[in-house]
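Structure first, commentary second.
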Amino acid sequence: MKRSHLMMIAAAIVLLVILAVYWFKPLNSEHDAHAPVSVDGVVQDDSGKTVLFWYDPMAPGQKFDKPGKSPFMDMMLVPKYAETEAQDGGVMISSQTTQNLGIRLAKVEMASFTDRLSAVGRIEPDERRFYSVQPRIAGFVDRLLVRAVGDPVSKGQKIAEIYAPELLAAQHEYLALLDYKDATIAEGLAQAAQGRLGLLGMTRGEIAAITRNRQATERFGVYAPASGVVTELSVREGAQLMTGASLIQIADLSTVWLVAEVPERDIMRLKPGTAAKVELQSLPGEVFAGEVNYIYPTLDEVSRTARVRVELANRNGLLRPGMYGNVRLEGVSRDAMSVPSESVIATGLRKVVIVKQASGFLPVAVETGQEHDGRTEILTGLDAGQTVVASGQFLIDSEASLSGVLARLAQQPEAVTEMGAEDAHAGHDMRDMPTEQPMPEGTGKVIEVDVKAGKVVLAHDPIAALEWPSMTMGFRVSDPRQLDGITAGDLVQFSLKLDSQSGQYDIVDIRRQGGAR
């Protein structure tokens with residue numbers, strides 16, 4: 001009885017043990033399956049790739065050992081994989097990240113570019129169409145038919161009547177010769193007297209009238225030589241006129257000039273015959289077509305601009321001297337390689353385009369020309385048919401910075417393109433040439449200091465040399481001793497230098513604002 005009791009107890013214990021094993025094993029397995037895996041203290045993800053560290057693409061200089069939300073930007077940290085460095089010094093971005101960020105690609109294509117310039121000009125009268133009306137004989141203004149400056153006149157219109165005693169005497173002489181009895185003598189003298197009347201200012205019609213009527217006229221008319229407007233009125237009715245004195249000035253405005261000021265650097269891009277389109281501030285929407293007919297030979301010493309003359313037809317009289325207008329000058333069109341303007345990254349020291357390769361993305365330094373219709377001309381650096389990144393470059397740019405690609409790009413010597421330059425540099429070691437750039441400087445407030453680790457966290461102001469906005473980020477200090485005496489809350493000045501190995505900027509000099517260490 002006692003024996004069977006003991007056996008029952010032992011069986012119960014075994015059963016409990018078996019139940020406990022089966023109860024706790026799934027929990028532990030599930031826990032183990034979901035436990036984060038770490039490699040060298042860095043939390044890994046489930047991609048199967050080795051995560052070197054986690055970082056914020058907008059502040060790639062700061063590294064983290066686990067995922068989470070960025071302390072700098074309102075975004076999650078992304079992993080940096082050991083396999084992201086591509087061949088030929090490029091970088092690789094996962095297809096999932098590429099899709100999430102909406103990276104858009106575009107081709108390097110040929111596009112048409114025209115030398116286009118914009119300038120501001122002023123409408124002025126055509127100086128070749130100025131007319132000065134001057135009587136050829138002294139006299140008095142008996143009647144003035146044009147009374148004010150700005151009055152319109154037509155060609156052949158009588159504008160004044162002049163009383164001239166000398167001309168009246170010449171008329172009487174002419175009439176006397178007409179009535180002379182000796183026709184042989186009188187005919188020659190009469191023709192000479194008639195010619196004299198014309199030289200003194202009488203028209204053929206007036207001479208014919210006195211010949212027909214056999215009666216002299218006390219006043220002769222002055223007529224407009226061209227249609228236009230009166231720009232100057234020198235006399236009034238009843239005034240005395242001396243020989244050669246100006247009576248009125250007339251400007252023919254059927255053609256006018258727009259005189260524009262063009263900067264010195266652009267003047268060689270223009271030549272006579274260049275097409276021009278003019279828009280006036282007072283006539284929005286109206287476009288007047290013309291062309292450059294003269295480039296003045298001198299420059300303004302103060303503004304360093306040259307005057308360019310555009311001739312415009314003024315058929316409806318809408319163009320009035322004194323008006324200001326915007327002129328677009330268009331030169332010769334040409335085809336050139338181009339990329340979308342948004343694909344060009346301006347670093348301040350150079351311009352970079354991210355090129356898509358089979359093995360990843362590669363930053364390439366380029367030289368750019370003109371920009372037109374959202375496309376930028378590429379002078380050197382790319383070939384037609386290549387694929388470039390048109391949007392989302394900031395992530396690839398940060399990846400390139402993390403991989404040191406941009407640092408290596410900055411250290412590449414500039415290509416020598418001049419003829420014979422290869423011989424000129426023969427025998428010189430390019431490694432001996434200086435490659436250092438001026439160190440960017442900044443100011444900010446100390447957030448945290450770690451003297452032993454040689455690190456400091458700063459809330460820095462914008463750094464124009466690097467095109468960095470204001471942000472809080474950590475830096476490594478090349479000489480940790482410079483951090484002695486610097487505490488959280490201090491306002492500091494600092495200088496940065498690019499580490500070619502890590503592709504990050506380190507602080508090489510830091511001091512409190514005011515110069516004190």
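Labels used: A, B, ... for chains in the order of the structure tokens, numbers from 1 for residues in each chain, and numbers from 1 for ligands as shown.
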
Need to verify the contact set: stretch 456-458 of chain A, 12 Å, only C-alpha atoms, exclusion of same-chain residues closer than 2 positions in sequence. Can you return it as a CSV table (one decimal) with C-alpha atoms, in the first residue's frame?
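Result file part-v4.csv:
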```
chain,number,residue,atom,x,y,z
A,61,GLY,CA,28.0,62.7,-38.9
A,62,GLN,CA,26.3,61.3,-35.8
A,71,PRO,CA,17.2,63.4,-32.1
A,72,PHE,CA,17.9,66.0,-34.8
A,442,GLY,CA,30.9,78.1,-37.0
A,443,THR,CA,29.4,79.2,-33.7
A,444,GLY,CA,27.0,77.5,-31.4
A,445,LYS,CA,26.0,76.5,-27.9
A,446,VAL,CA,27.4,73.5,-26.0
A,447,ILE,CA,24.8,70.9,-25.2
A,448,GLU,CA,27.0,68.1,-23.8
A,449,VAL,CA,30.8,67.5,-23.4
A,450,ASP,CA,32.6,64.2,-23.1
A,451,VAL,CA,36.3,65.0,-22.5
A,452,LYS,CA,37.5,61.4,-22.2
A,453,ALA,CA,35.8,60.4,-25.5
A,454,GLY,CA,36.9,63.6,-27.2
A,460,HIS,CA,25.3,75.3,-34.0
A,461,ASP,CA,24.2,78.2,-36.1
A,462,PRO,CA,24.0,77.9,-39.9
A,470,SER,CA,21.0,75.3,-37.7
A,471,MET,CA,20.9,71.9,-36.0
A,472,THR,CA,22.1,70.0,-33.0
A,473,MET,CA,24.7,67.4,-33.7
A,474,GLY,CA,27.7,65.7,-32.2
A,475,PHE,CA,31.4,66.2,-33.3
A,476,ARG,CA,34.6,64.5,-32.6
A,477,VAL,CA,37.4,66.8,-31.4
A,478,SER,CA,40.8,66.1,-32.8
A,479,ASP,CA,42.6,67.3,-29.6
A,480,PRO,CA,40.4,66.4,-26.6
A,482,GLN,CA,40.7,71.7,-26.1
A,483,LEU,CA,37.6,70.7,-24.2
A,484,ASP,CA,39.1,71.4,-20.8
A,486,ILE,CA,34.3,74.1,-21.7
A,487,THR,CA,31.0,73.1,-20.1
A,488,ALA,CA,27.4,72.7,-21.2
A,489,GLY,CA,25.7,76.1,-21.9
A,490,ASP,CA,28.9,77.8,-23.2
A,491,LEU,CA,28.8,79.8,-26.4
A,492,VAL,CA,31.7,78.7,-28.6
A,493,GLN,CA,33.4,79.3,-31.9
A,494,PHE,CA,34.9,76.3,-33.7
A,506,ASP,CA,35.9,67.0,-37.0
A,507,ILE,CA,36.5,70.0,-34.8
A,510,ILE,CA,37.1,75.1,-30.3
```

**Request:** Fewer than 3 positions away in the same chain doesn't count, so skip those; otherwise give me all residues within 8 Å of A:Val262, counting only C-alpha atoms, as a list in words.
**Result:**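 So the residues in contact are Ala119, Asp266, Ile267, Thr305, Ala306, Arg307 and Val308 of chain A.
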
Selected residues written out, N, CA and C atoms, as a compact mmCIF listing (two decimals), in the first residue's frame:
```txt
# COMPACT_ATOMS: atom_id res chain seq x y z
N ALA A 119 17.48 92.72 -70.10
CA ALA A 119 17.97 94.04 -69.71
C ALA A 119 16.79 95.01 -69.66
N ASP A 266 28.53 90.52 -70.53
CA ASP A 266 27.63 89.93 -71.53
C ASP A 266 27.70 90.59 -72.89
N ILE A 267 28.45 91.67 -73.01
CA ILE A 267 28.37 92.45 -74.23
C ILE A 267 28.92 91.69 -75.43
N THR A 305 28.50 99.22 -67.77
CA THR A 305 27.54 98.69 -68.74
C THR A 305 27.76 99.39 -70.08
N ALA A 306 27.35 98.69 -71.13
CA ALA A 306 27.40 99.26 -72.48
C ALA A 306 25.97 99.46 -72.99
N ARG A 307 25.77 100.49 -73.79
CA ARG A 307 24.45 100.77 -74.33
C ARG A 307 24.26 99.99 -75.62
N VAL A 308 23.09 99.38 -75.74
CA VAL A 308 22.72 98.61 -76.92
C VAL A 308 21.44 99.21 -77.49
```

**Prompt:** Which residue out of A:Val229, A:Ala111, A:Leu247, A:Val352 has the minimum interatomic distance to A:His372 when only C-alpha atoms are used?
**Reply:** A:Ala111

**Residue contacts of A:Thr380 (9 Å, only C-alpha atoms) excluding same-chain residues fewer than 6 positions away, as a ChimeraX atom specification** = /A:365-368

Suppose we keep C-alpha atoms; can you now write the selection as a short mmCIF file (atom, residue, chain, number, x, y, z; two decimals), in the first residue's frame?
```cif
data_model
loop_
_atom_site.label_atom_id
_atom_site.label_comp_id
_atom_site.auth_asym_id
_atom_site.auth_seq_id
_atom_site.Cartn_x
_atom_site.Cartn_y
_atom_site.Cartn_z
CA ALA A 365 31.80 66.75 -60.32
CA VAL A 366 30.50 68.75 -63.32
CA GLU A 367 30.88 72.15 -64.91
CA THR A 368 27.61 73.82 -65.81
#
```

**Message:** Excluding A:Gln194 and its own-chain neighbours fewer than 3 positions away, which residues fall within 12 Å of it when counting only C-alpha atoms? Please give them as an MDAnalysis selection string.
**Reply:** chainID A and resid 167 170:178 186:191 197:204 206:208 210:211

Limited to C-alpha atoms, could you put the picked residues into a file as an mmCIF file, in the first residue's frame?
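Output file again08.cif follows:
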```cif
data_model
loop_
_atom_site.group_PDB
_atom_site.id
_atom_site.type_symbol
_atom_site.label_atom_id
_atom_site.label_comp_id
_atom_site.auth_asym_id
_atom_site.auth_seq_id
_atom_site.Cartn_x
_atom_site.Cartn_y
_atom_site.Cartn_z
ATOM 1 C CA LEU A 167 12.169 138.292 -100.456
ATOM 2 C CA ALA A 170 13.164 139.840 -105.086
ATOM 3 C CA GLN A 171 9.581 139.129 -106.153
ATOM 4 C CA HIS A 172 9.190 142.626 -107.599
ATOM 5 C CA GLU A 173 12.422 142.257 -109.550
ATOM 6 C CA TYR A 174 11.189 138.951 -110.969
ATOM 7 C CA LEU A 175 7.820 140.437 -112.014
ATOM 8 C CA ALA A 176 9.549 143.426 -113.605
ATOM 9 C CA LEU A 177 11.701 141.146 -115.729
ATOM 10 C CA LEU A 178 8.628 139.277 -116.854
ATOM 11 C CA ALA A 186 14.437 139.428 -120.150
ATOM 12 C CA GLU A 187 14.072 135.664 -120.547
ATOM 13 C CA GLY A 188 17.525 134.881 -119.152
ATOM 14 C CA LEU A 189 17.258 137.436 -116.349
ATOM 15 C CA ALA A 190 13.772 136.233 -115.421
ATOM 16 C CA GLN A 191 14.973 132.659 -115.083
ATOM 17 C CA LEU A 197 13.245 133.134 -105.235
ATOM 18 C CA GLY A 198 13.595 129.373 -104.809
ATOM 19 C CA LEU A 199 16.915 129.775 -103.029
ATOM 20 C CA LEU A 200 15.395 132.263 -100.635
ATOM 21 C CA GLY A 201 12.750 129.753 -99.581
ATOM 22 C CA MET A 202 9.709 130.114 -101.819
ATOM 23 C CA THR A 203 8.140 126.897 -103.068
ATOM 24 C CA ARG A 204 7.456 126.123 -106.707
ATOM 25 C CA GLU A 206 4.216 130.014 -104.636
ATOM 26 C CA ILE A 207 6.451 131.078 -107.536
ATOM 27 C CA ALA A 208 3.897 129.760 -110.025
ATOM 28 C CA ILE A 210 2.912 135.096 -108.510
ATOM 29 C CA THR A 211 3.894 134.345 -112.105
#
```

**Item:** Point-to-point distance in Å for atom CA of A:Leu329 and atom CA of A:Lys277
**Value:**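 Atom-to-atom, atom CA of A:Lys277 and atom CA of A:Leu329 are spaced 6.7 Å apart.
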